[in-house]
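In what follows, a structure is listed as structure tokens, so that the remarks can point back to it.
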Amino acid sequence: MPQRTQALPITAAILTVLTAGAVVVDLARPGLVEPVRAAVATVATPAQGVLSGWDDARVATLTEERNALAAEVTRLEEEARRHGQLESLDRSTTWGDHRLVPARVVAFAPATSPVGGRTVTIDVGTDAGVQVDQTVVCVDGLVGRVVRVGAGTSDVLLLGDAGVVVGVRFGHEGALGTVQATPAPGVPPRAYGDLTLTALGDTEIQVGDEVTTLGSPDDTPYAARIPLGVVTSVDPDRGQLGATAVVRPHVDTDLLDLVAVVFVDRAEGAADRESDTDSGTDDSTTDEGDER
């Protein structure tokens with residue numbers, strides 16, 4: 001072992017000297033080493049070709065395998081992300097026991113589009129049972145309502161479009177109001193994406209009040225109790241009929257991806273309305289008793 005270790009420096013020194021000598025000879029007599037160089041090339045070229053061809057084929061195979069694995073990883077990651085979003089969406093619907101049909105946003109149209117209104121296109125339609133005026137939600141809350149339906153796609157008019165007015169409840173006591181994108185005359189301008197809450201009557205609005213949908217007859221076009229946004233500031237009193245405030249929506253419509261169309265059980269909706277009617281009758285009777 002020691003002899004082998006000592007031989008390595010000697011061999012390296014010999015190779016260095018030979019290399020230096022070859023360089024000097026090549027510089028002094030350029031044509032002298034050409035026969036040797038040509039002979040080495042003749043012997044080495046076939047071997048290099050074989051090795052190079054084998055390497056290229058092997059590299060190409062490995063590259064294809066790597067690309068296929070990367071594509072599969074991307075597909076599985078997307079599937080896991082979609083599954084997680086669906087679970088989150090299902091957990092978030094504490095506002096009602098409704099059936100949700102998931103959909104992906106596949107296109108959008110700005111408010112200046114000739115079709116009218118700021119809309120997105122989702123990849124479900126009549127084939128999935130979707131109809132005009134159904135509510136559309138995402139994990140964070142209200143997205144909008146269906147305005148046009150095809151066999152495999154639907155157009156959704158977004159919350160925040162200039163023509164959209166939504167009946168809402170806000171605050172701990174569930175006071176009534178409306179939310180729309182266009183501010184009332186005389187109120188301060190809104191930041192991009194902010195909405196205006198107008199209270200009915202003289203109800204006071206507080207910063208931090210949660211705003212949810214009031215609900216429509218048969219929950220069309222908006223189902224009840226869907227989170228809509230939160231009050232971020234209250235406008236000064238300028239003698240308007242109802243107090244107004246700025247609402248920041250929970251849903252950023254510029255970042256929509258996975259959404260869901262709400263399917264309401266009509267029997268359930270009828271039961272809710274009957275319950276509300278009964279409650280109203282009881283309250284009326286109580287009030288009359290107090291007056292007497």
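Please note that chains go A, B, ... in the order of the structure tokens, that every chain numbers its residues from 1, and that ligands are numbered from 1 in the order shown.
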
Enumerate the residues of range 53-233 of chain A with a DSSP assignment of helix (DSSP H, G or I), computed from the backbone, and present them as a ChimeraX atom specification.
/A:53-92,126-128,217-219

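For range 254-265 of chain A, the list of residues within 7 Å, based on only C-alpha atoms and with local chain neighbours fewer than 4 positions off taken out, reads His98, Arg99, Leu100, Val101, Pro102, Ala103, Arg104, Val105, Gln134, Thr135, Val136, Val137, Cys138 and Gly269 of chain A.
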
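Near range 126-128 of chain A, within a cut-off of 8 Å and counting only C-alpha atoms, sit the residues Val101, Gln131, Val149, Gly150, Ala151, Gly152 and Thr153 of chain A, with same-chain residues fewer than 3 positions away left out.
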
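Here CA of Pro183 in chain A is placed at a distance of 23.6 Å from CA of Val147 in chain A.
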
For the structure I just gave you, how does DSSP split range 46-166 of chain A - specifically, which residues are strand (DSSP E or B)? Reply as number ranges by chain.
A: 99-109, 119-122, 135-138, 141-149, 154-158, 165-166

Include N, CA and C atoms and write out the residues we just selected as a JSON list (two decimals), in the first residue's frame.
```json
[["chain", "number", "residue", "atom", "x", "y", "z"],
["A", 99, "ARG", "N", -77.49, 21.22, -1.15],
["A", 99, "ARG", "CA", -76.61, 20.45, -2.02],
["A", 99, "ARG", "C", -75.80, 21.40, -2.88],
["A", 100, "LEU", "N", -74.51, 21.13, -2.98],
["A", 100, "LEU", "CA", -73.62, 21.98, -3.75],
["A", 100, "LEU", "C", -73.06, 21.19, -4.94],
["A", 101, "VAL", "N", -73.08, 21.82, -6.10],
["A", 101, "VAL", "CA", -72.46, 21.23, -7.29],
["A", 101, "VAL", "C", -71.19, 22.02, -7.59],
["A", 102, "PRO", "N", -70.02, 21.41, -7.41],
["A", 102, "PRO", "CA", -68.76, 22.15, -7.62],
["A", 102, "PRO", "C", -68.55, 22.49, -9.09],
["A", 103, "ALA", "N", -67.85, 23.57, -9.32],
["A", 103, "ALA", "CA", -67.56, 24.02, -10.69],
["A", 103, "ALA", "C", -66.25, 24.79, -10.69],
["A", 104, "ARG", "N", -65.62, 24.83, -11.84],
["A", 104, "ARG", "CA", -64.37, 25.57, -12.00],
["A", 104, "ARG", "C", -64.62, 26.78, -12.90],
["A", 105, "VAL", "N", -64.05, 27.91, -12.53],
["A", 105, "VAL", "CA", -64.14, 29.10, -13.38],
["A", 105, "VAL", "C", -63.22, 28.91, -14.57],
["A", 106, "VAL", "N", -63.79, 29.03, -15.77],
["A", 106, "VAL", "CA", -63.02, 28.76, -16.98],
["A", 106, "VAL", "C", -62.88, 29.99, -17.89],
["A", 107, "ALA", "N", -63.62, 31.06, -17.60],
["A", 107, "ALA", "CA", -63.52, 32.28, -18.40],
["A", 107, "ALA", "C", -64.16, 33.42, -17.62],
["A", 108, "PHE", "N", -63.91, 34.65, -18.09],
["A", 108, "PHE", "CA", -64.50, 35.80, -17.44],
["A", 108, "PHE", "C", -64.79, 36.87, -18.48],
["A", 109, "ALA", "N", -65.69, 37.80, -18.12],
["A", 109, "ALA", "CA", -66.01, 38.93, -18.98],
["A", 109, "ALA", "C", -66.05, 40.18, -18.11],
["A", 119, "THR", "N", -69.08, 39.14, -15.42],
["A", 119, "THR", "CA", -69.44, 37.73, -15.24],
["A", 119, "THR", "C", -68.21, 36.84, -15.33],
["A", 120, "VAL", "N", -68.39, 35.62, -14.80],
["A", 120, "VAL", "CA", -67.43, 34.54, -15.03],
["A", 120, "VAL", "C", -68.21, 33.36, -15.59],
["A", 121, "THR", "N", -67.51, 32.52, -16.34],
["A", 121, "THR", "CA", -68.12, 31.31, -16.90],
["A", 121, "THR", "C", -67.61, 30.11, -16.11],
["A", 122, "ILE", "N", -68.53, 29.25, -15.68],
["A", 122, "ILE", "CA", -68.17, 28.05, -14.95],
["A", 122, "ILE", "C", -68.48, 26.82, -15.80],
["A", 135, "THR", "N", -77.96, 30.51, -6.81],
["A", 135, "THR", "CA", -76.87, 31.15, -6.08],
["A", 135, "THR", "C", -75.56, 30.42, -6.34],
["A", 136, "VAL", "N", -74.48, 31.19, -6.42],
["A", 136, "VAL", "CA", -73.14, 30.62, -6.58],
["A", 136, "VAL", "C", -72.28, 31.10, -5.42],
["A", 137, "VAL", "N", -71.56, 30.18, -4.79],
["A", 137, "VAL", "CA", -70.74, 30.50, -3.62],
["A", 137, "VAL", "C", -69.34, 29.92, -3.80],
["A", 138, "CYS", "N", -68.44, 30.31, -2.90],
["A", 138, "CYS", "CA", -67.15, 29.66, -2.78],
["A", 138, "CYS", "C", -66.88, 29.48, -1.29],
["A", 141, "GLY", "N", -67.67, 32.68, 0.77],
["A", 141, "GLY", "CA", -69.02, 33.24, 0.83],
["A", 141, "GLY", "C", -69.64, 33.44, -0.54],
["A", 142, "LEU", "N", -70.48, 34.48, -0.64],
["A", 142, "LEU", "CA", -71.27, 34.72, -1.85],
["A", 142, "LEU", "C", -70.40, 35.16, -3.02],
["A", 143, "VAL", "N", -70.62, 34.52, -4.18],
["A", 143, "VAL", "CA", -69.95, 34.88, -5.42],
["A", 143, "VAL", "C", -70.89, 35.66, -6.33],
["A", 144, "GLY", "N", -72.11, 35.16, -6.54],
["A", 144, "GLY", "CA", -73.05, 35.83, -7.43],
["A", 144, "GLY", "C", -74.22, 34.91, -7.74],
["A", 145, "ARG", "N", -74.81, 35.11, -8.90],
["A", 145, "ARG", "CA", -75.96, 34.30, -9.31],
["A", 145, "ARG", "C", -75.84, 33.95, -10.79],
["A", 146, "VAL", "N", -76.44, 32.83, -11.16],
["A", 146, "VAL", "CA", -76.41, 32.36, -12.55],
["A", 146, "VAL", "C", -77.35, 33.22, -13.39],
["A", 147, "VAL", "N", -76.87, 33.71, -14.52],
["A", 147, "VAL", "CA", -77.70, 34.54, -15.40],
["A", 147, "VAL", "C", -77.91, 33.91, -16.78],
["A", 148, "ARG", "N", -77.04, 33.03, -17.20],
["A", 148, "ARG", "CA", -77.20, 32.33, -18.48],
["A", 148, "ARG", "C", -76.69, 30.90, -18.32],
["A", 149, "VAL", "N", -77.39, 29.96, -18.97],
["A", 149, "VAL", "CA", -77.03, 28.55, -18.82],
["A", 149, "VAL", "C", -76.98, 27.87, -20.18],
["A", 154, "SER", "N", -72.10, 27.79, -17.62],
["A", 154, "SER", "CA", -73.05, 28.80, -17.15],
["A", 154, "SER", "C", -72.29, 30.09, -16.91],
["A", 155, "ASP", "N", -73.00, 31.21, -17.07],
["A", 155, "ASP", "CA", -72.43, 32.53, -16.77],
["A", 155, "ASP", "C", -72.97, 33.02, -15.43],
["A", 156, "VAL", "N", -72.08, 33.53, -14.61],
["A", 156, "VAL", "CA", -72.43, 33.97, -13.27],
["A", 156, "VAL", "C", -72.18, 35.47, -13.16],
["A", 157, "LEU", "N", -73.22, 36.24, -12.83],
["A", 157, "LEU", "CA", -73.09, 37.68, -12.59],
["A", 157, "LEU", "C", -72.54, 37.87, -11.19],
["A", 158, "LEU", "N", -71.41, 38.56, -11.09],
["A", 158, "LEU", "CA", -70.68, 38.63, -9.84],
["A", 158, "LEU", "C", -71.23, 39.67, -8.88],
["A", 165, "VAL", "N", -77.95, 44.36, -6.66],
["A", 165, "VAL", "CA", -78.37, 44.83, -5.33],
["A", 165, "VAL", "C", -78.82, 43.59, -4.56],
["A", 166, "VAL", "N", -78.27, 43.41, -3.36],
["A", 166, "VAL", "CA", -78.56, 42.22, -2.56],
["A", 166, "VAL", "C", -79.17, 42.64, -1.23]]
```

Taking a cut-off of 10 Å and counting only C-alpha atoms, can you build a table that, for each residue of range 63-133 of chain A near range 206-221 of chain A, reports the nearest atom pair and how far apart they are in Å (one decimal), sorted by chain then residue number, as a Markdown table?
```
| residue | atom | partner | partner_atom | distance |
| --- | --- | --- | --- | --- |
| A:Trp95 | CA | A:Thr212 | CA | 9.5 |
| A:Val132 | CA | A:Pro221 | CA | 8.3 |
| A:Asp133 | CA | A:Pro221 | CA | 4.5 |
```

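Between CA of Thr178 in chain A and CA of Asp237 in chain A the separation is 17.3 Å.
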
Find the distance between CA of Thr253 in chain A and CA of Leu200 in chain A and write it in Å to one decimal.
26.9 Å

Residues within 10 Å of Ala199 in chain A, only C-alpha atoms, excluding chain neighbours under 4 positions, as an NGL selection string
:A and (168-170 or 175-179 or 203-205 or 241-245)

Dump of N, CA, C and O atoms for the selected residues, as an mmCIF file, in the first residue's frame:
```cif
data_model
loop_
_atom_site.group_PDB
_atom_site.id
_atom_site.type_symbol
_atom_site.label_atom_id
_atom_site.label_comp_id
_atom_site.auth_asym_id
_atom_site.auth_seq_id
_atom_site.Cartn_x
_atom_site.Cartn_y
_atom_site.Cartn_z
ATOM 1 N N VAL A 168 -79.780 42.157 2.616
ATOM 2 C CA VAL A 168 -78.865 41.569 3.602
ATOM 3 C C VAL A 168 -79.388 41.769 5.019
ATOM 4 O O VAL A 168 -80.306 42.553 5.272
ATOM 5 N N ARG A 169 -78.761 41.055 5.946
ATOM 6 C CA ARG A 169 -78.862 41.307 7.376
ATOM 7 C C ARG A 169 -77.462 41.618 7.886
ATOM 8 O O ARG A 169 -76.478 41.080 7.375
ATOM 9 N N PHE A 170 -77.383 42.466 8.912
ATOM 10 C CA PHE A 170 -76.071 42.811 9.443
ATOM 11 C C PHE A 170 -76.163 42.998 10.952
ATOM 12 O O PHE A 170 -77.236 43.283 11.502
ATOM 13 N N ALA A 175 -80.143 43.237 11.590
ATOM 14 C CA ALA A 175 -80.872 44.361 11.001
ATOM 15 C C ALA A 175 -80.888 44.233 9.484
ATOM 16 O O ALA A 175 -80.003 43.620 8.872
ATOM 17 N N LEU A 176 -81.892 44.844 8.859
ATOM 18 C CA LEU A 176 -82.087 44.728 7.418
ATOM 19 C C LEU A 176 -81.392 45.862 6.669
ATOM 20 O O LEU A 176 -81.276 46.980 7.169
ATOM 21 N N GLY A 177 -80.971 45.556 5.467
ATOM 22 C CA GLY A 177 -80.349 46.560 4.618
ATOM 23 C C GLY A 177 -80.144 46.013 3.221
ATOM 24 O O GLY A 177 -80.591 44.913 2.887
ATOM 25 N N THR A 178 -79.466 46.790 2.405
ATOM 26 C CA THR A 178 -79.108 46.365 1.050
ATOM 27 C C THR A 178 -77.631 46.644 0.811
ATOM 28 O O THR A 178 -77.056 47.560 1.417
ATOM 29 N N VAL A 179 -77.048 45.864 -0.070
ATOM 30 C CA VAL A 179 -75.641 46.042 -0.449
ATOM 31 C C VAL A 179 -75.561 46.146 -1.956
ATOM 32 O O VAL A 179 -76.179 45.358 -2.682
ATOM 33 N N THR A 203 -81.452 52.160 11.816
ATOM 34 C CA THR A 203 -80.580 51.179 12.463
ATOM 35 C C THR A 203 -79.134 51.637 12.421
ATOM 36 O O THR A 203 -78.634 52.088 11.384
ATOM 37 N N GLU A 204 -78.449 51.525 13.542
ATOM 38 C CA GLU A 204 -77.046 51.941 13.615
ATOM 39 C C GLU A 204 -76.147 50.837 13.071
ATOM 40 O O GLU A 204 -76.355 49.648 13.338
ATOM 41 N N ILE A 205 -75.151 51.253 12.311
ATOM 42 C CA ILE A 205 -74.176 50.310 11.755
ATOM 43 C C ILE A 205 -72.870 50.458 12.525
ATOM 44 O O ILE A 205 -72.422 51.575 12.806
ATOM 45 N N LEU A 241 -81.618 58.956 4.133
ATOM 46 C CA LEU A 241 -82.728 58.214 4.729
ATOM 47 C C LEU A 241 -82.237 57.094 5.625
ATOM 48 O O LEU A 241 -82.759 56.889 6.720
ATOM 49 N N GLY A 242 -81.237 56.346 5.186
ATOM 50 C CA GLY A 242 -80.680 55.258 5.984
ATOM 51 C C GLY A 242 -79.178 55.408 6.107
ATOM 52 O O GLY A 242 -78.516 55.938 5.215
ATOM 53 N N ALA A 243 -78.629 54.964 7.240
ATOM 54 C CA ALA A 243 -77.179 55.022 7.431
ATOM 55 C C ALA A 243 -76.483 54.159 6.374
ATOM 56 O O ALA A 243 -77.016 53.141 5.929
ATOM 57 N N THR A 244 -75.287 54.588 5.995
ATOM 58 C CA THR A 244 -74.526 53.833 4.996
ATOM 59 C C THR A 244 -73.139 53.514 5.539
ATOM 60 O O THR A 244 -72.633 54.189 6.440
ATOM 61 N N ALA A 245 -72.530 52.500 4.964
ATOM 62 C CA ALA A 245 -71.209 52.071 5.415
ATOM 63 C C ALA A 245 -70.494 51.346 4.292
ATOM 64 O O ALA A 245 -71.110 50.932 3.297
#
```
